[in-house]
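Okay, structure first, notes after.
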Amino acid sequence: MGLFGILVGLGLLIFLSYRGWSILLVAPLAALTAALAAGEPLLAHWTETFMGGAAKFLAQFFPLFLLGAVFGKVMEDSGSVEAIANFMMAKLGTGRAVLAVVVAGAVVTYGGVSLFVALFVLAPMATSLFKLADIPRRLMPAAIALGTMTFTMSALPGTPALQNAIPMPFFGTTPFAAPGLGIIAAAIMLSFGLWWLNRAETGARRVGEGYGKDQTVDVPAKEQAARERATIASEFDPAEIAHGSHAETSPSALVALLPLVVVILVNLAMSLLVLPQVDTSYLADQRWGATSLSAVAGVWAVVTALAAAIVTAIALNYRRLPSLQASLDAGANASVLPALSVASLVGFGTVVAALPAFALVRHWVLSIEGGPLVSLAVATNVLAALTGSASGGLTIALDALGDTYLRLAAELGIDPALLHRVAVMSAGTLDSLPHNGAVVTLLAVCGVTHRDSYVDILVVAIVGALLALAVVIALGSIFGSF
């Protein structure tokens with residue numbers, strides 16, 4: 001009966017959230033349904049187990065939500081994201097329109113700009129390029145997805161994406177975990193995705209298919225149901241895109257790129273040079289949660305990098321920002337709903353993991369053939385797919401099984417950095433199924449439908465990511481982490 005309750009609770013979570021219900025309501029309802037079927041105390045699970053898991057997630061990661069959203073909004077309102085997109089468009093031109101869109105998306109997201117901010121800026125750029133190059137409009141979402149939702153989010157070492165930060169407290173790793181494997185994975189995703197898009201473009205030209213007609217599609221970020229789905233797909237609430245005050249002129253490409261460079265360099269310096277040299281023995285004191293540097297260093301590195309980038313962006317664009325307070329407020333507000341939404345998903349997972357019947361699930365996952373790397377990949381993929389959230393699925397998996405995988409890694413001589421990279425890449429694969437909020441929003445801002453464009457998104461964002469994941473697991477199993 002307990003296992004049946006878990007399945008019913010999960011089904012309720014999936015059904016209601018995809019119908020547009022707020023995850024803030026759905027997650028505790030689904031968790032209590034599972035607890036009721038197991039004959040467990042409901043109020044204790046809600047106020048202690050559920051809220052304990054959600055609060056722990058917020059305590060660890062809300063600074064990343066906050067600073068990531070503020071940085072994205074400052075970059076957007078200062079015109080910096082638009083300047084980078086225009087620079088790529090000018091340098092690569094209509095002859096390489098697909099590559100220009102992919103590279104522009106990769107630069108801004110690897111530099112720390114929130115996914116939804118990037119989508120709303122890149123879509124007009126892609127529209128202009130694809131129309132001039134007479135490339136089918138239906139390929140635009142896949143090109144944007146390849147640059148923003150694949151290798152820069154899960155593979156490239158040092159990416160400030162939330163998914164790359166989540167495993168750090170569990171495994172004691174840094175944002176640069178398994179850098180060699182990450183670079184190989186990124187190269188596979190990028191080359192495979194470009195091969196597919198170029199193949200599709202060539203095929204379209206062969207049959208005389210051009211850009212087609214512009215269509216008017218309502219952006220679902222304005223609709224509450226779509227907004228609820230979108231807020232578990234990124235750390236930025238798309239409803240805040242229209243708030244703040246946008247610059248009348250854009251900065252130069254150099255000025256626009258400098259804050260992104262600051263994110264990467266400060267993150268690298270904090271992770272590999274500064275924090276390892278700092279005396280943090282005081283963290284063992286109960287006053288600081290009896291923690292250790294390995295548990296907090298990764299998050300500290302990323303938040304420091306984002307804070308430095310925000311200061312840099314403001315200093316370089318101060319006269320260009322019409323209302324700094326409005327931009328900062330909009331960014332801060334944009335972080336709240338996504339943080340609480342993902343925390344609610346984590347709370348649901350915490351309740352499920354605390355139920356006696358979860359022992360059966362744990363046994364099934366750990367018994368998957370192929371070893372810990374394969375079972376970790378399967379578990380994370382499944383949870384990311386079911387929740388429609390890479391960060392939510394990853395946190396649920398690691399909350400429930402992270403300690404077990406770390407113990408197995410120690411027994412089998414597996415570097416925790418390899419676990420980190422496999423977990424992050426696994427979260428960024430099946431989360432891009434059709435119901436994902438980022439996918440729904442991307443299709444709408446490009447003015448196309450699932451029927452028009454989803455197959456190409458599936459190939460570049462899921463097939464390519466799964467291929468790269470398989471290569472990383474194979475290389476990691478043979479050579480270890482590097």
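In the structure tokens, each chain is lettered A, B, ... as it comes, each chain's residues begin at 1, and ligands are numbered from 1 in order of appearance.
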
Per residue of region 378-441 of chain A within 12 Å of region 100-117 of chain A, note the shortest atom pair and the distance in Å to one decimal, counting only C-alpha atoms, and order the rows by chain and increasing residue number, as JSON lines.
{"residue": "A:Gly437", "atom": "CA", "partner": "A:Phe116", "partner_atom": "CA", "distance": 10.1}
{"residue": "A:Ala438", "atom": "CA", "partner": "A:Phe116", "partner_atom": "CA", "distance": 7.5}
{"residue": "A:Val439", "atom": "CA", "partner": "A:Phe116", "partner_atom": "CA", "distance": 10.5}
{"residue": "A:Val440", "atom": "CA", "partner": "A:Phe116", "partner_atom": "CA", "distance": 11.4}
{"residue": "A:Thr441", "atom": "CA", "partner": "A:Phe116", "partner_atom": "CA", "distance": 8.4}

Written selection (all heavy atoms) as an mmCIF file, in the first residue's frame:
data_model
loop_
_atom_site.group_PDB
_atom_site.id
_atom_site.type_symbol
_atom_site.label_atom_id
_atom_site.label_comp_id
_atom_site.auth_asym_id
_atom_site.auth_seq_id
_atom_site.Cartn_x
_atom_site.Cartn_y
_atom_site.Cartn_z
ATOM 1 N N GLY A 437 8.479 23.680 -18.945
ATOM 2 C CA GLY A 437 8.076 25.079 -19.053
ATOM 3 C C GLY A 437 8.967 25.893 -19.965
ATOM 4 O O GLY A 437 8.490 26.789 -20.682
ATOM 5 N N ALA A 438 10.273 25.609 -19.954
ATOM 6 C CA ALA A 438 11.179 26.335 -20.838
ATOM 7 C C ALA A 438 10.898 26.007 -22.303
ATOM 8 O O ALA A 438 10.959 26.887 -23.171
ATOM 9 C CB ALA A 438 12.626 25.997 -20.489
ATOM 10 N N VAL A 439 10.576 24.760 -22.588
ATOM 11 C CA VAL A 439 10.250 24.359 -23.968
ATOM 12 C C VAL A 439 8.964 25.040 -24.432
ATOM 13 O O VAL A 439 8.901 25.583 -25.544
ATOM 14 C CB VAL A 439 10.115 22.825 -24.066
ATOM 15 C CG1 VAL A 439 9.558 22.420 -25.435
ATOM 16 C CG2 VAL A 439 11.458 22.152 -23.832
ATOM 17 N N VAL A 440 7.948 25.042 -23.587
ATOM 18 C CA VAL A 440 6.670 25.679 -23.935
ATOM 19 C C VAL A 440 6.877 27.159 -24.209
ATOM 20 O O VAL A 440 6.370 27.718 -25.189
ATOM 21 C CB VAL A 440 5.641 25.470 -22.804
ATOM 22 C CG1 VAL A 440 4.375 26.258 -23.068
ATOM 23 C CG2 VAL A 440 5.312 23.991 -22.638
ATOM 24 N N THR A 441 7.630 27.835 -23.347
ATOM 25 C CA THR A 441 7.881 29.261 -23.518
ATOM 26 C C THR A 441 8.704 29.529 -24.764
ATOM 27 O O THR A 441 8.417 30.460 -25.526
ATOM 28 C CB THR A 441 8.608 29.815 -22.281
ATOM 29 O OG1 THR A 441 7.853 29.535 -21.111
ATOM 30 C CG2 THR A 441 8.815 31.313 -22.394
#

Legend entry - Polymer residues at most 6 Å from region 68-74 of chain A, only C-alpha atoms, same-chain spacing of 6 or more positions, as a ChimeraX atom specification: /A:113-114,236,310,328,331-332,335

With the cut-off set at 9 Å and counting only C-alpha atoms, tabulate each residue of region 33-139 of chain A with an atom at most that distance from an atom of region 442-449 of chain A, showing the nearest atom pair and its distance in Å to one decimal, ordered by chain and increasing number, as CSV.
residue,atom,partner,partner_atom,distance
A:Phe116,CA,A:Leu442,CA,8.6
A:Leu119,CA,A:Leu442,CA,6.5
A:Phe120,CA,A:Val445,CA,6.9
A:Ala123,CA,A:Cys446,CA,5.8
A:Pro124,CA,A:Cys446,CA,8.0
A:Ala126,CA,A:Cys446,CA,8.5
A:Thr127,CA,A:Cys446,CA,7.5
A:Arg137,CA,A:Val448,CA,7.7
A:Arg138,CA,A:Val448,CA,6.4

Legend entry - Polymer residues at most 8 Å from Thr312 (chain A), only C-alpha atoms, same-chain spacing of 3 or more positions, as a PyMOL selection string: chain A and resi 258-259+262+308-309+315-316

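Residue nearest Ala177 (chain A), chosen from A:Pro416, A:Gly93, A:Gly392, A:Gly39 and counting only C-alpha atoms: A:Pro416.
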
Legend entry - Selection near region 9-22 of chain A, 10 Å with only C-alpha atoms, sequence-local residues under 4 positions removed, as JSON, numbers by chain: {"A": [3, 4, 5, 26, 27, 28, 29, 30, 31, 32, 33, 34, 35, 36, 37, 223, 224, 225, 226, 227, 228, 229, 230, 231, 341, 345, 348, 349, 352, 385, 386, 387, 388, 435, 436, 437]}

Legend entry - Among listed residues A:Ala97, A:Ala54, A:Val81, A:Leu265, nearest Phe176 (chain A) (using only C-alpha atoms):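 Nearest candidate to Phe176 (chain A) out of A:Ala97, A:Ala54, A:Val81, A:Leu265: A:Leu265.
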
Legend entry - Distance query region 152-154 of chain A at most 6 Å, only C-alpha atoms, self and fewer than 6 positions along chain excluded, as number ranges by chain: A: 110, 161, 424-425

Legend entry - Two-atom distance - CA of Leu383 (chain A), CA of Glu235 (chain A) (Å):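 According to the coordinates, CA of Leu383 (chain A) and CA of Glu235 (chain A) are separated by 18.4 Å.
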
Inset, instruction - Name the residues of region 164-349 of chain A that come out as alpha helix (DSSP H) in a backbone DSSP run; write them as a VMD selection string. - result: chain A and resid 164 to 165 167 to 171 179 to 206 224 to 230 253 to 269 293 to 317 324 to 349
